[in-house]
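The next block is start.cif, given as mmCIF, C-alpha atoms.
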data_start
#
loop_
_atom_site.label_atom_id
_atom_site.label_comp_id
_atom_site.auth_asym_id
_atom_site.auth_seq_id
_atom_site.Cartn_x
_atom_site.Cartn_y
_atom_site.Cartn_z
CA MET F 1 16.15 38.84 13.45
CA LYS F 2 14.06 35.73 14.00
CA ASN F 3 15.29 32.50 15.57
CA LEU F 4 14.95 28.92 14.37
CA VAL F 5 16.26 26.40 16.89
CA ILE F 6 17.02 22.74 16.13
CA LEU F 7 17.29 20.42 19.11
CA GLY F 8 19.58 17.48 18.34
CA ALA F 9 22.52 17.23 15.95
CA GLY F 10 22.08 13.59 15.00
CA THR F 11 21.14 12.50 11.50
CA ALA F 12 17.83 14.38 11.28
CA GLY F 13 18.94 17.58 12.99
CA THR F 14 22.17 17.89 11.04
CA MET F 15 20.37 17.35 7.73
CA MET F 16 17.84 20.05 8.60
CA ALA F 17 20.58 22.53 9.49
CA ASN F 18 22.22 21.93 6.11
CA HIS F 19 18.94 22.19 4.20
CA LEU F 20 17.68 25.32 5.94
CA VAL F 21 20.88 27.35 5.84
CA ARG F 22 20.56 27.31 2.04
CA VAL F 23 16.99 28.59 1.91
CA LEU F 24 16.51 30.95 4.87
CA PRO F 25 17.96 34.47 4.38
CA PRO F 26 20.73 34.98 6.98
CA GLU F 27 19.79 38.62 7.49
CA LYS F 28 16.34 37.53 8.67
CA TRP F 29 16.92 34.16 10.35
CA GLN F 30 19.42 32.93 12.91
CA ILE F 31 19.60 29.12 12.84
CA THR F 32 20.89 27.47 16.03
CA ILE F 33 21.49 23.76 16.60
CA VAL F 34 21.98 22.28 20.07
CA ASP F 35 23.40 18.90 21.08
CA GLN F 36 25.11 17.66 24.23
CA TYR F 37 27.36 15.19 22.37
CA LYS F 38 30.48 16.09 20.40
CA THR F 39 30.71 12.82 18.47
CA HIS F 40 28.46 11.97 15.53
CA TYR F 41 27.99 8.24 15.03
CA TYR F 42 27.12 6.39 11.86
CA GLN F 43 24.61 4.19 13.64
CA PRO F 44 24.10 1.63 10.83
CA GLY F 45 27.77 0.78 11.33
CA PHE F 46 27.09 -0.49 14.85
CA LEU F 47 25.70 -3.63 13.20
CA PHE F 48 29.06 -4.39 11.59
CA LEU F 49 31.35 -3.59 14.53
CA PRO F 50 30.67 -6.81 16.51
CA PHE F 51 31.76 -8.93 13.53
CA ASP F 52 34.96 -6.99 12.81
CA LEU F 53 33.52 -5.84 9.47
CA TYR F 54 34.02 -2.16 10.35
CA LYS F 55 36.70 -0.48 12.40
CA PRO F 56 35.67 1.90 15.18
CA LYS F 57 37.05 4.93 13.32
CA GLN F 58 34.71 4.22 10.41
CA VAL F 59 31.56 4.84 12.43
CA LYS F 60 32.33 8.09 14.25
CA LYS F 61 33.42 11.62 13.44
CA LYS F 62 33.32 15.02 15.13
CA GLY F 63 29.76 16.26 14.90
CA LYS F 64 30.72 19.91 14.47
CA LYS F 65 32.35 19.04 11.15
CA PHE F 66 28.92 18.58 9.58
CA ILE F 67 27.31 21.77 10.92
CA PRO F 68 27.38 24.32 8.07
CA LYS F 69 28.79 27.83 8.26
CA GLY F 70 26.10 30.28 9.18
CA VAL F 71 24.53 27.96 11.75
CA ARG F 72 25.27 28.60 15.43
CA TYR F 73 26.33 25.37 17.16
CA ILE F 74 25.87 24.97 20.93
CA ASN F 75 27.35 21.93 22.65
CA GLU F 76 25.20 21.73 25.80
CA LYS F 77 22.63 19.50 27.44
CA ILE F 78 19.02 20.46 26.78
CA GLU F 79 17.28 20.71 30.14
CA ARG F 80 13.70 21.56 29.18
CA ILE F 81 11.46 22.96 26.47
CA PHE F 82 8.80 25.53 27.40
CA PRO F 83 6.60 25.42 24.29
CA ASP F 84 3.96 27.82 25.66
CA GLU F 85 6.71 30.42 26.13
CA ASN F 86 8.71 29.65 22.96
CA ARG F 87 11.93 29.06 24.84
CA VAL F 88 14.41 26.29 25.61
CA GLU F 89 16.42 25.95 28.79
CA LEU F 90 19.99 24.67 28.37
CA GLU F 91 22.65 23.94 30.98
CA SER F 92 23.99 27.48 31.13
CA GLN F 93 21.65 29.62 29.03
CA GLU F 94 18.19 30.01 27.57
CA LEU F 95 17.17 30.26 23.93
CA SER F 96 14.03 31.85 22.56
CA TYR F 97 12.64 30.71 19.24
CA ASP F 98 10.12 31.58 16.59
CA ILE F 99 10.30 28.09 15.10
CA LEU F 100 11.47 24.95 16.90
CA ILE F 101 12.52 21.69 15.25
CA ILE F 102 12.73 18.72 17.61
CA ALA F 103 15.25 16.13 16.42
CA THR F 104 16.21 14.60 19.76
CA GLY F 105 15.93 11.01 18.50
CA SER F 106 15.39 7.93 20.61
CA LYS F 107 17.61 5.95 22.96
CA ILE F 108 17.79 2.50 24.49
CA TYR F 109 16.60 2.05 28.07
CA PRO F 110 17.73 -1.41 29.29
CA GLU F 111 16.77 -0.43 32.82
CA GLU F 112 13.11 -0.64 31.73
CA VAL F 113 13.34 -4.46 31.79
CA GLU F 114 13.98 -6.11 35.15
CA GLY F 115 17.41 -7.72 35.28
CA MET F 116 18.56 -6.53 31.85
CA LYS F 117 20.94 -3.82 32.99
CA GLY F 118 22.19 -5.83 35.94
CA PRO F 119 25.63 -7.17 36.85
CA MET F 120 25.90 -9.10 33.55
CA TRP F 121 25.30 -6.08 31.31
CA HIS F 122 28.08 -6.02 28.71
CA LYS F 123 29.42 -9.29 30.15
CA ASN F 124 27.13 -11.86 28.56
CA ILE F 125 24.18 -9.53 27.92
CA PHE F 126 24.87 -6.99 25.19
CA ASP F 127 23.21 -4.39 23.02
CA PHE F 128 24.55 -3.27 19.65
CA TYR F 129 22.48 -0.09 19.39
CA THR F 130 25.20 1.94 21.08
CA TYR F 131 28.85 2.37 20.17
CA GLU F 132 29.92 1.11 23.58
CA GLY F 133 27.68 -1.95 23.37
CA ALA F 134 28.74 -2.88 19.85
CA LEU F 135 32.43 -2.54 20.72
CA ALA F 136 32.10 -4.59 23.91
CA LEU F 137 30.24 -7.28 21.96
CA ARG F 138 32.99 -7.36 19.33
CA ASN F 139 35.58 -8.04 22.00
CA TYR F 140 33.41 -10.76 23.54
CA LEU F 141 32.72 -12.52 20.23
CA ARG F 142 36.42 -12.67 19.40
CA GLU F 143 36.92 -15.05 22.32
CA TRP F 144 33.51 -16.76 22.59
CA GLN F 145 33.66 -20.53 22.18
CA GLY F 146 30.02 -21.05 21.28
CA GLY F 147 26.73 -22.01 22.90
CA LYS F 148 23.22 -20.59 22.81
CA LEU F 149 23.06 -17.18 21.14
CA VAL F 150 19.71 -15.40 21.56
CA VAL F 151 18.99 -12.31 19.46
CA HIS F 152 16.11 -10.52 21.14
CA ILE F 153 13.79 -7.54 20.66
CA SER F 154 12.14 -6.19 23.83
CA GLU F 155 9.30 -4.20 22.29
CA MET F 156 8.37 -2.07 19.31
CA PRO F 157 8.98 0.52 17.98
CA ILE F 158 12.76 0.39 17.69
CA LYS F 159 15.34 2.18 15.60
CA CYS F 160 15.87 0.33 12.33
CA PRO F 161 13.45 -2.58 12.90
CA VAL F 162 15.37 -4.87 10.54
CA ALA F 163 18.69 -4.53 12.40
CA PRO F 164 18.09 -7.42 14.86
CA LEU F 165 17.34 -9.72 11.92
CA GLU F 166 20.48 -8.52 10.18
CA PHE F 167 22.45 -9.30 13.34
CA ALA F 168 21.13 -12.87 13.35
CA PHE F 169 22.00 -13.35 9.66
CA LEU F 170 25.48 -11.84 10.07
CA ALA F 171 26.08 -13.97 13.16
CA ASP F 172 25.28 -17.08 11.12
CA ASP F 173 27.80 -15.96 8.49
CA TYR F 174 30.40 -14.92 11.09
CA PHE F 175 30.43 -18.29 12.83
CA LYS F 176 30.55 -20.12 9.50
CA ARG F 177 33.65 -18.14 8.55
CA LYS F 178 35.20 -19.01 11.92
CA GLY F 179 34.45 -22.69 11.33
CA MET F 180 32.30 -22.97 14.45
CA ARG F 181 28.69 -22.62 13.23
CA ASP F 182 27.98 -26.14 14.47
CA LYS F 183 28.90 -24.95 17.98
CA VAL F 184 26.40 -22.08 17.98
CA ASP F 185 22.64 -22.35 18.38
CA ILE F 186 20.97 -19.11 17.18
CA THR F 187 17.45 -18.14 18.25
CA PHE F 188 15.60 -15.00 17.15
CA VAL F 189 13.07 -13.82 19.75
CA THR F 190 10.55 -11.11 18.91
CA PRO F 191 7.38 -9.58 20.37
CA LEU F 192 5.90 -9.57 16.84
CA ASP F 193 3.97 -12.50 15.43
CA GLY F 194 6.61 -12.84 12.70
CA ALA F 195 10.03 -11.70 11.57
CA PHE F 196 8.93 -8.19 10.49
CA THR F 197 6.08 -5.69 10.69
CA LYS F 198 4.90 -6.18 7.08
CA PRO F 199 3.39 -9.52 5.89
CA ARG F 200 5.18 -9.89 2.52
CA ALA F 201 8.57 -9.08 4.01
CA THR F 202 7.84 -11.34 6.99
CA LYS F 203 7.32 -14.30 4.67
CA ALA F 204 10.62 -13.72 2.85
CA LEU F 205 12.56 -13.14 6.06
CA HIS F 206 11.05 -16.18 7.78
CA TYR F 207 12.25 -18.30 4.86
CA LEU F 208 15.78 -16.96 5.33
CA LEU F 209 15.68 -17.74 9.05
CA GLU F 210 14.65 -21.30 8.26
CA THR F 211 17.32 -21.85 5.60
CA LYS F 212 20.00 -20.55 7.95
CA HIS F 213 18.74 -22.81 10.77
CA ILE F 214 17.90 -19.88 13.02
CA LYS F 215 15.05 -20.71 15.36
CA GLU F 216 12.25 -18.17 15.70
CA VAL F 217 10.26 -17.44 18.87
CA PRO F 218 7.42 -14.96 18.08
CA ASN F 219 4.94 -13.18 20.37
CA PHE F 220 7.45 -13.05 23.22
CA ASP F 221 6.64 -10.10 25.52
CA ILE F 222 9.56 -10.00 27.90
CA GLU F 223 8.90 -9.55 31.61
CA ARG F 224 12.39 -9.98 33.00
CA VAL F 225 15.92 -11.25 32.47
CA ASP F 226 17.04 -13.93 34.92
CA TYR F 227 20.75 -13.23 34.61
CA GLU F 228 21.62 -15.72 37.36
CA HIS F 229 20.21 -18.63 35.37
CA ASN F 230 20.79 -17.21 31.86
CA LYS F 231 17.23 -17.04 30.61
CA ILE F 232 14.65 -14.50 29.53
CA ILE F 233 11.06 -14.86 30.70
CA ASP F 234 7.89 -13.41 29.20
CA TYR F 235 4.56 -12.52 30.79
CA ALA F 236 3.16 -15.94 29.87
CA ASP F 237 6.03 -17.53 31.83
CA ARG F 238 7.69 -18.84 28.67
CA GLU F 239 11.45 -19.12 29.02
CA VAL F 240 14.28 -18.93 26.50
CA GLU F 241 17.73 -19.97 27.70
CA TYR F 242 20.91 -18.28 26.51
CA ASP F 243 24.65 -18.34 26.96
CA LEU F 244 24.96 -15.04 25.11
CA LEU F 245 22.05 -12.60 24.96
CA VAL F 246 22.15 -9.88 22.32
CA THR F 247 19.13 -7.72 23.04
CA VAL F 248 17.46 -4.62 21.73
CA PRO F 249 16.22 -2.91 24.90
CA PRO F 250 13.11 -0.71 24.89
CA ASN F 251 13.57 2.37 22.70
CA LEU F 252 12.10 5.58 24.09
CA GLY F 253 12.22 9.22 23.11
CA ASP F 254 14.73 11.50 24.82
CA ALA F 255 14.06 12.25 28.48
CA VAL F 256 13.89 16.00 27.72
CA ILE F 257 10.56 15.35 25.99
CA GLU F 258 9.18 13.84 29.20
CA ARG F 259 10.59 16.68 31.30
CA SER F 260 8.92 19.16 28.96
CA GLY F 261 5.53 17.43 29.05
CA MET F 262 5.45 17.19 25.26
CA GLY F 263 5.46 13.43 24.67
CA ASP F 264 3.28 10.35 24.76
CA ASP F 265 3.88 7.46 27.17
CA MET F 266 7.05 6.53 25.25
CA ASN F 267 8.39 10.13 25.13
CA TYR F 268 7.63 10.51 21.43
CA VAL F 269 6.15 13.83 20.30
CA PRO F 270 2.64 13.60 18.77
CA THR F 271 3.19 14.72 15.18
CA ASP F 272 1.07 15.15 12.07
CA LYS F 273 2.12 12.20 9.93
CA ALA F 274 1.83 14.10 6.63
CA THR F 275 3.14 17.61 7.49
CA LEU F 276 5.59 16.83 10.36
CA GLN F 277 4.11 19.64 12.43
CA SER F 278 3.56 19.11 16.15
CA LYS F 279 -0.08 18.37 16.88
CA ALA F 280 -0.01 20.66 19.94
CA TYR F 281 2.11 23.65 18.85
CA GLU F 282 1.96 25.13 15.36
CA ASN F 283 5.49 26.61 15.44
CA VAL F 284 7.04 23.28 16.52
CA PHE F 285 8.04 20.63 13.99
CA VAL F 286 9.36 17.12 14.63
CA ILE F 287 11.65 14.96 12.53
CA GLY F 288 13.27 11.55 12.77
CA ASP F 289 12.99 9.17 15.69
CA ALA F 290 11.63 11.87 18.05
CA SER F 291 8.15 11.73 16.48
CA ASN F 292 5.36 9.25 17.10
CA LEU F 293 4.75 8.69 13.38
CA PRO F 294 3.73 5.16 12.35
CA ALA F 295 6.78 5.05 10.10
CA SER F 296 10.03 3.13 10.42
CA LYS F 297 12.58 4.72 12.74
CA ALA F 298 15.38 4.58 10.18
CA GLY F 299 17.85 7.00 8.63
CA SER F 300 16.19 6.83 5.23
CA VAL F 301 12.93 8.05 6.77
CA ALA F 302 14.68 11.07 8.31
CA HIS F 303 16.25 11.80 4.92
CA PHE F 304 12.88 11.81 3.15
CA GLU F 305 11.28 13.79 5.97
CA ALA F 306 14.01 16.44 5.79
CA GLU F 307 13.29 17.24 2.15
CA ILE F 308 9.56 17.64 2.84
CA LEU F 309 10.00 19.50 6.13
CA THR F 310 12.36 22.03 4.54
CA GLU F 311 9.60 23.07 2.15
CA ASN F 312 6.99 23.11 4.91
CA ILE F 313 9.16 25.36 7.08
CA GLN F 314 9.34 27.83 4.18
CA ARG F 315 5.59 27.59 3.65
CA TYR F 316 4.96 28.16 7.36
CA ILE F 317 7.12 31.30 7.35
CA LYS F 318 5.18 32.65 4.35
CA GLY F 319 1.84 31.85 5.96
CA GLN F 320 0.99 29.28 3.31
CA PRO F 321 -0.80 25.96 3.95
CA LEU F 322 1.59 23.13 4.73
CA LYS F 323 1.99 20.34 2.23
CA LYS F 324 0.55 17.05 3.44
CA GLU F 325 3.17 15.15 1.51
CA PHE F 326 5.10 12.76 3.74
CA ASP F 327 3.84 9.24 3.04
CA GLY F 328 5.96 7.27 5.51
CA HIS F 329 8.47 6.34 2.81
CA ALA F 330 11.31 4.08 3.98
CA ASN F 331 13.83 1.90 2.27
CA CYS F 332 16.18 -0.42 4.09
CA PHE F 333 18.98 -2.75 3.09
CA ILE F 334 18.88 -6.02 5.03
CA GLU F 335 22.22 -7.79 5.26
CA THR F 336 21.65 -11.53 4.95
CA GLY F 337 25.27 -12.76 5.16
CA GLY F 338 27.51 -14.33 2.57
CA GLY F 339 27.99 -11.02 0.78
CA LYS F 340 24.30 -10.62 -0.03
CA ALA F 341 21.49 -8.35 1.07
CA LEU F 342 17.79 -7.69 0.57
CA LEU F 343 16.30 -4.27 -0.14
CA ILE F 344 12.81 -3.26 0.94
CA ASP F 345 10.92 -0.10 -0.06
CA PHE F 346 7.58 0.78 1.56
CA ASN F 347 5.41 3.51 3.08
CA TYR F 348 2.30 4.01 5.20
CA THR F 349 0.02 2.25 2.73
CA HIS F 350 2.27 -0.04 0.67
CA GLU F 351 4.16 -2.97 2.13
CA PRO F 352 7.44 -4.20 0.63
CA VAL F 353 7.02 -6.03 -2.67
CA GLU F 354 9.31 -7.40 -5.37
CA GLY F 355 10.59 -5.20 -8.17
CA THR F 356 13.53 -2.98 -9.07
CA PHE F 357 14.99 0.17 -7.51
CA PRO F 358 15.60 3.01 -8.14
CA LEU F 359 15.04 2.72 -11.91
CA PRO F 360 11.88 0.82 -12.98
CA GLY F 361 12.81 -2.38 -14.79
CA VAL F 362 16.52 -1.53 -14.65
CA GLY F 363 17.43 -1.34 -10.99
CA PRO F 364 20.26 -2.07 -10.53
CA LEU F 365 18.93 -3.01 -7.09
CA THR F 366 16.32 -5.73 -6.62
CA LEU F 367 13.52 -5.54 -4.08
CA LEU F 368 12.74 -8.31 -1.61
CA LYS F 369 15.37 -10.62 -3.13
CA GLU F 370 18.90 -11.39 -2.02
CA SER F 371 21.68 -10.13 -4.26
CA ARG F 372 25.33 -9.21 -4.24
CA THR F 373 24.44 -5.81 -5.73
CA ASN F 374 22.21 -5.02 -2.77
CA HIS F 375 25.08 -5.86 -0.43
CA LEU F 376 27.37 -3.48 -2.30
CA GLY F 377 24.64 -0.86 -2.04
CA LYS F 378 24.56 -1.32 1.72
CA LEU F 379 28.33 -0.87 1.93
CA ALA F 380 28.19 2.20 -0.33
CA PHE F 381 25.65 3.81 1.94
CA ARG F 382 28.32 4.68 4.51
CA TRP F 383 30.03 6.96 1.96
CA ILE F 384 26.64 8.35 0.92
CA TYR F 385 25.78 9.04 4.55
CA TRP F 386 28.89 11.09 5.33
CA ASN F 387 29.14 12.85 1.97
CA LEU F 388 25.57 13.32 0.71
CA LEU F 389 22.98 12.57 3.40
CA LEU F 390 24.34 14.57 6.35
CA PRO F 391 25.37 17.59 4.23
CA GLY F 392 21.82 17.70 2.91
CA ARG F 393 22.69 17.04 -0.71
CA HIS F 394 20.17 15.48 -3.04
CA ILE F 395 20.64 11.77 -3.73
CA PRO F 396 19.97 11.21 -7.46
CA LEU F 397 16.98 9.07 -8.48
CA VAL F 398 15.72 8.63 -4.90
CA THR F 399 12.49 10.54 -4.25
CA ALA F 400 11.13 11.63 -0.88
CA THR F 401 7.76 10.05 -1.59
CA MET F 402 7.58 6.41 -2.59
CA SER F 403 7.35 5.64 -6.30
CA GLU F 404 5.19 2.71 -7.40
CA ALA F 405 7.08 2.34 -10.68
CA GLY F 406 9.06 -0.88 -11.03
CA LYS F 407 7.23 -2.61 -8.19
CA HIS F 408 5.08 -5.72 -8.54
CA PHE F 409 1.91 -4.87 -6.62
CA GLU F 410 -0.87 -7.43 -6.45
CA THR F 411 -4.14 -6.31 -7.99
CA LYS F 412 -7.46 -6.79 -6.22
CA GLU F 413 -8.43 -9.39 -8.81
CA SER F 414 -5.33 -11.54 -8.24
#
Encoded form (structure tokens):
Amino acid sequence: MKNLVILGAGTAGTMMANHLVRVLPPEKWQITIVDQYKTHYYQPGFLFLPFDLYKPKQVKKKGKKFIPKGVRYINEKIERIFPDENRVELESQELSYDILIIATGSKIYPEEVEGMKGPMWHKNIFDFYTYEGALALRNYLREWQGGKLVVHISEMPIKCPVAPLEFAFLADDYFKRKGMRDKVDITFVTPLDGAFTKPRATKALHYLLETKHIKEVPNFDIERVDYEHNKIIDYADREVEYDLLVTVPPNLGDAVIERSGMGDDMNYVPTDKATLQSKAYENVFVIGDASNLPASKAGSVAHFEAEILTENIQRYIKGQPLKKEFDGHANCFIETGGGKALLIDFNYTHEPVEGTFPLPGVGPLTLLKESRTNHLGKLAFRWIYWNLLLPGRHIPLVTATMSEAGKHFETKES
């Protein structure tokens, strides 16, 4: 009996367990998944919690519920990986493996920025990338009387790079509905030179920021938070004042990667961007936010990776060459407020453009344009996540690699 071990039972790890249990013969392979947490969170829902658009029970379930029969589930902290010895040390036991899949994700580290996780943390400085942060922010916003709201990104990469923009747009809508938008000054502060990482999308998103009267402060590399005087300060000594700071702290890979000596300077595992195989160890594969791939750290990326990695695991077992198939495909709904949303679809080589998705010329979703249909698609994704994505079921019409059909790419002559 051979052993395949999956570290992490978040989105990526759970999907891989569900995919692999269907294709690996149980008489030959024991699949084990390890995670220290018992609760599985629908992380896209954290964006909606602060604005009372979702209830807490809608974004969390027992993680074990999604682990399929035939997969051994261990609820323990992962202490260290010993990749040269093909073993993993847990709190109370050790596991040996023939194949290891690292799906340990990424986490926020507010302590990396001076003054961020100080006495005002979750008092007038909040994150919404954790359940606790989003819930505390919801309670604060219910009573807040207005002032200077700063939505801030510390550094890249981050999980779901569009989420801070979505927060700014939803905040604009939230305060309009409360009849107090004129009492709130919203500023979006980013280390990027624009609203997003891709030029075409940046142009469209900058226009939305302008029309919603949200000020934009680009190229802001934060040095510290002066919580005593309510301002953030960058390395060029620029200052942005706030009454309420909603920040995305630095995102780093799990500390177990650092303890194991397997990561880069941000604790992400160096990974082949096309095969998802570790660059250092041939029997180790990496999926989701744990990798250092130049792809978006979003749930859709993990979904596309899982389909490709499942085939590559089978090819590895058979001694066949791995498929160099993952193209960095990501698609993201961007809530823009007022019951509308944008949809972007891109990969390593193609930036977001206008067009239709998933059916060329038909849609029903439109790319890089606001629509009510896109908003409904975003809301429907929660059901898709719990019922199709996590259980590893195929989502009709959505391919793992990006399709160019239905998209309006500029030609070299234009």
### Query
Quick one: which residues end up in the PyMOL selection byres ((chain F and resi 269) around 9) for this structure, as number ranges by chain?
F: 102, 253, 257, 262-264, 266-268, 270-271, 278-279, 286, 290-293
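Applied to this file, the PyMOL selection byres ((chain F and resi 200) around 8) selects the residues Lys198, Pro199, Ala201, Thr202, Lys203, Ala204, Glu351, Pro352 and Val353 of chain F.
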Write out as CSV a residue-level contact list of stretch 166-192 of chain F versus stretch 45-49 of chain F with cut-off 10 Å: for each qualifying residue the closest pair of atoms and the distance in Å to one decimal, counting only C-alpha atoms, rows sorted by chain and residue number upward.
residue,atom,partner,partner_atom,distance
F:Glu166,CA,F:Leu47,CA,7.8
F:Phe167,CA,F:Leu47,CA,6.5
F:Leu170,CA,F:Phe48,CA,8.4
### Message
Using only C-alpha atoms, which protein or nucleic acid residues come within 10 Å of F:Leu379? Drop anything in the same chain fewer than 5 positions from it, and give the result as a PyMOL selection string.
### Response
chain F and resi 45+333+335+373-374+384
### Task
Do a neighbour search on stretch 150-161 of chain F at 7 Å with all atoms listed in the file, toss out local chain neighbours closer than 3 positions, and write the hits as JSON, numbers by chain.
{"F": [164, 168, 186, 187, 188, 189, 190, 191, 221, 222, 242, 244, 245, 246, 247, 248, 249, 250, 251, 296, 297, 298]}
### Residue contacts of F:Gly8 (6 Å, only C-alpha atoms) excluding same-chain residues fewer than 5 positions away, as an NGL selection string
:F and (13 or 34-35 or 103-104)
Mind writing the picked residues with C-alpha atoms as a PDB file, keeping the file's coordinate frame?
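The resulting out.pdb:
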ATOM      1  CA  GLY F  13      18.940  17.580  12.990  1.00  0.00           C
ATOM      2  CA  VAL F  34      21.980  22.280  20.070  1.00  0.00           C
ATOM      3  CA  ASP F  35      23.400  18.900  21.080  1.00  0.00           C
ATOM      4  CA  ALA F 103      15.250  16.130  16.420  1.00  0.00           C
ATOM      5  CA  THR F 104      16.210  14.600  19.760  1.00  0.00           C
TER       6      THR F 104
END
#### Entry: Atom pair atom CA of F:Ala255 / atom CA of F:Glu79: separation (Å)
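Value for the atom CA of F:Ala255-atom CA of F:Glu79 distance: 9.2 Å.
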### Message
Between F:Gly70, F:Gly377, F:Pro364, F:Gly339, which residue has the minimum interatomic distance to F:Leu24, considering all atoms listed in the file?
### Response
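Closest candidate: F:Gly70.
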### Message
My list of candidates is F:Lys77, F:Arg87, F:Arg224, F:Arg142. Which is closest to F:Phe51 when distances are computed with only C-alpha atoms?
### Response
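The answer is F:Arg142, which sits nearest to F:Phe51.
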### Task
To one decimal in Å, tell me the separation between atom CA of F:Gln320 and atom CA of F:Leu95.
26.2 Å
### Query
Nearest to F:Ser92 among F:Ser300, F:Thr211, F:Asn75, F:Thr130, with distances taken over all atoms listed in the file: which residue is it?
F:Asn75
### Task
Name the closest residue to F:Lys65 among the candidates F:Pro50, F:Gly406, F:Pro391, F:Gly361; distances are taken between atoms, counting only C-alpha atoms.
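Of all the options, F:Pro391 lies closest to F:Lys65.
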Because some atoms of stretch 349-360 of chain F are absent here, can you restore N, CA and C atoms and send them as an mmCIF file, keeping the file's coordinate frame?
data_model
loop_
_atom_site.group_PDB
_atom_site.id
_atom_site.type_symbol
_atom_site.label_atom_id
_atom_site.label_comp_id
_atom_site.auth_asym_id
_atom_site.auth_seq_id
_atom_site.Cartn_x
_atom_site.Cartn_y
_atom_site.Cartn_z
ATOM 1 N N THR F 349 1.087 3.039 3.343
ATOM 2 C CA THR F 349 0.020 2.250 2.730
ATOM 3 C C THR F 349 0.493 1.062 1.919
ATOM 4 N N HIS F 350 1.750 1.049 1.501
ATOM 5 C CA HIS F 350 2.270 -0.040 0.670
ATOM 6 C C HIS F 350 3.332 -0.828 1.427
ATOM 7 N N GLU F 351 3.143 -2.125 1.500
ATOM 8 C CA GLU F 351 4.160 -2.970 2.130
ATOM 9 C C GLU F 351 5.232 -3.332 1.109
ATOM 10 N N PRO F 352 6.381 -3.830 1.565
ATOM 11 C CA PRO F 352 7.440 -4.200 0.630
ATOM 12 C C PRO F 352 6.976 -5.267 -0.368
ATOM 13 N N VAL F 353 7.320 -5.060 -1.626
ATOM 14 C CA VAL F 353 7.020 -6.030 -2.670
ATOM 15 C C VAL F 353 8.258 -6.213 -3.533
ATOM 16 N N GLU F 354 8.197 -7.182 -4.444
ATOM 17 C CA GLU F 354 9.310 -7.400 -5.370
ATOM 18 C C GLU F 354 9.302 -6.342 -6.453
ATOM 19 N N GLY F 355 10.464 -6.175 -7.098
ATOM 20 C CA GLY F 355 10.590 -5.200 -8.170
ATOM 21 C C GLY F 355 12.020 -4.728 -8.292
ATOM 22 N N THR F 356 12.197 -3.550 -8.870
ATOM 23 C CA THR F 356 13.530 -2.980 -9.070
ATOM 24 C C THR F 356 13.582 -1.576 -8.479
ATOM 25 N N PHE F 357 14.802 -1.125 -8.152
ATOM 26 C CA PHE F 357 14.990 0.170 -7.510
ATOM 27 C C PHE F 357 16.400 0.675 -7.838
ATOM 28 N N PRO F 358 16.608 1.966 -8.074
ATOM 29 C CA PRO F 358 15.600 3.010 -8.140
ATOM 30 C C PRO F 358 14.963 3.176 -9.531
ATOM 31 N N LEU F 359 15.573 2.573 -10.563
ATOM 32 C CA LEU F 359 15.040 2.720 -11.910
ATOM 33 C C LEU F 359 14.085 1.577 -12.240
ATOM 34 N N PRO F 360 12.851 1.865 -12.645
ATOM 35 C CA PRO F 360 11.880 0.820 -12.980
ATOM 36 C C PRO F 360 12.404 -0.106 -14.079
#
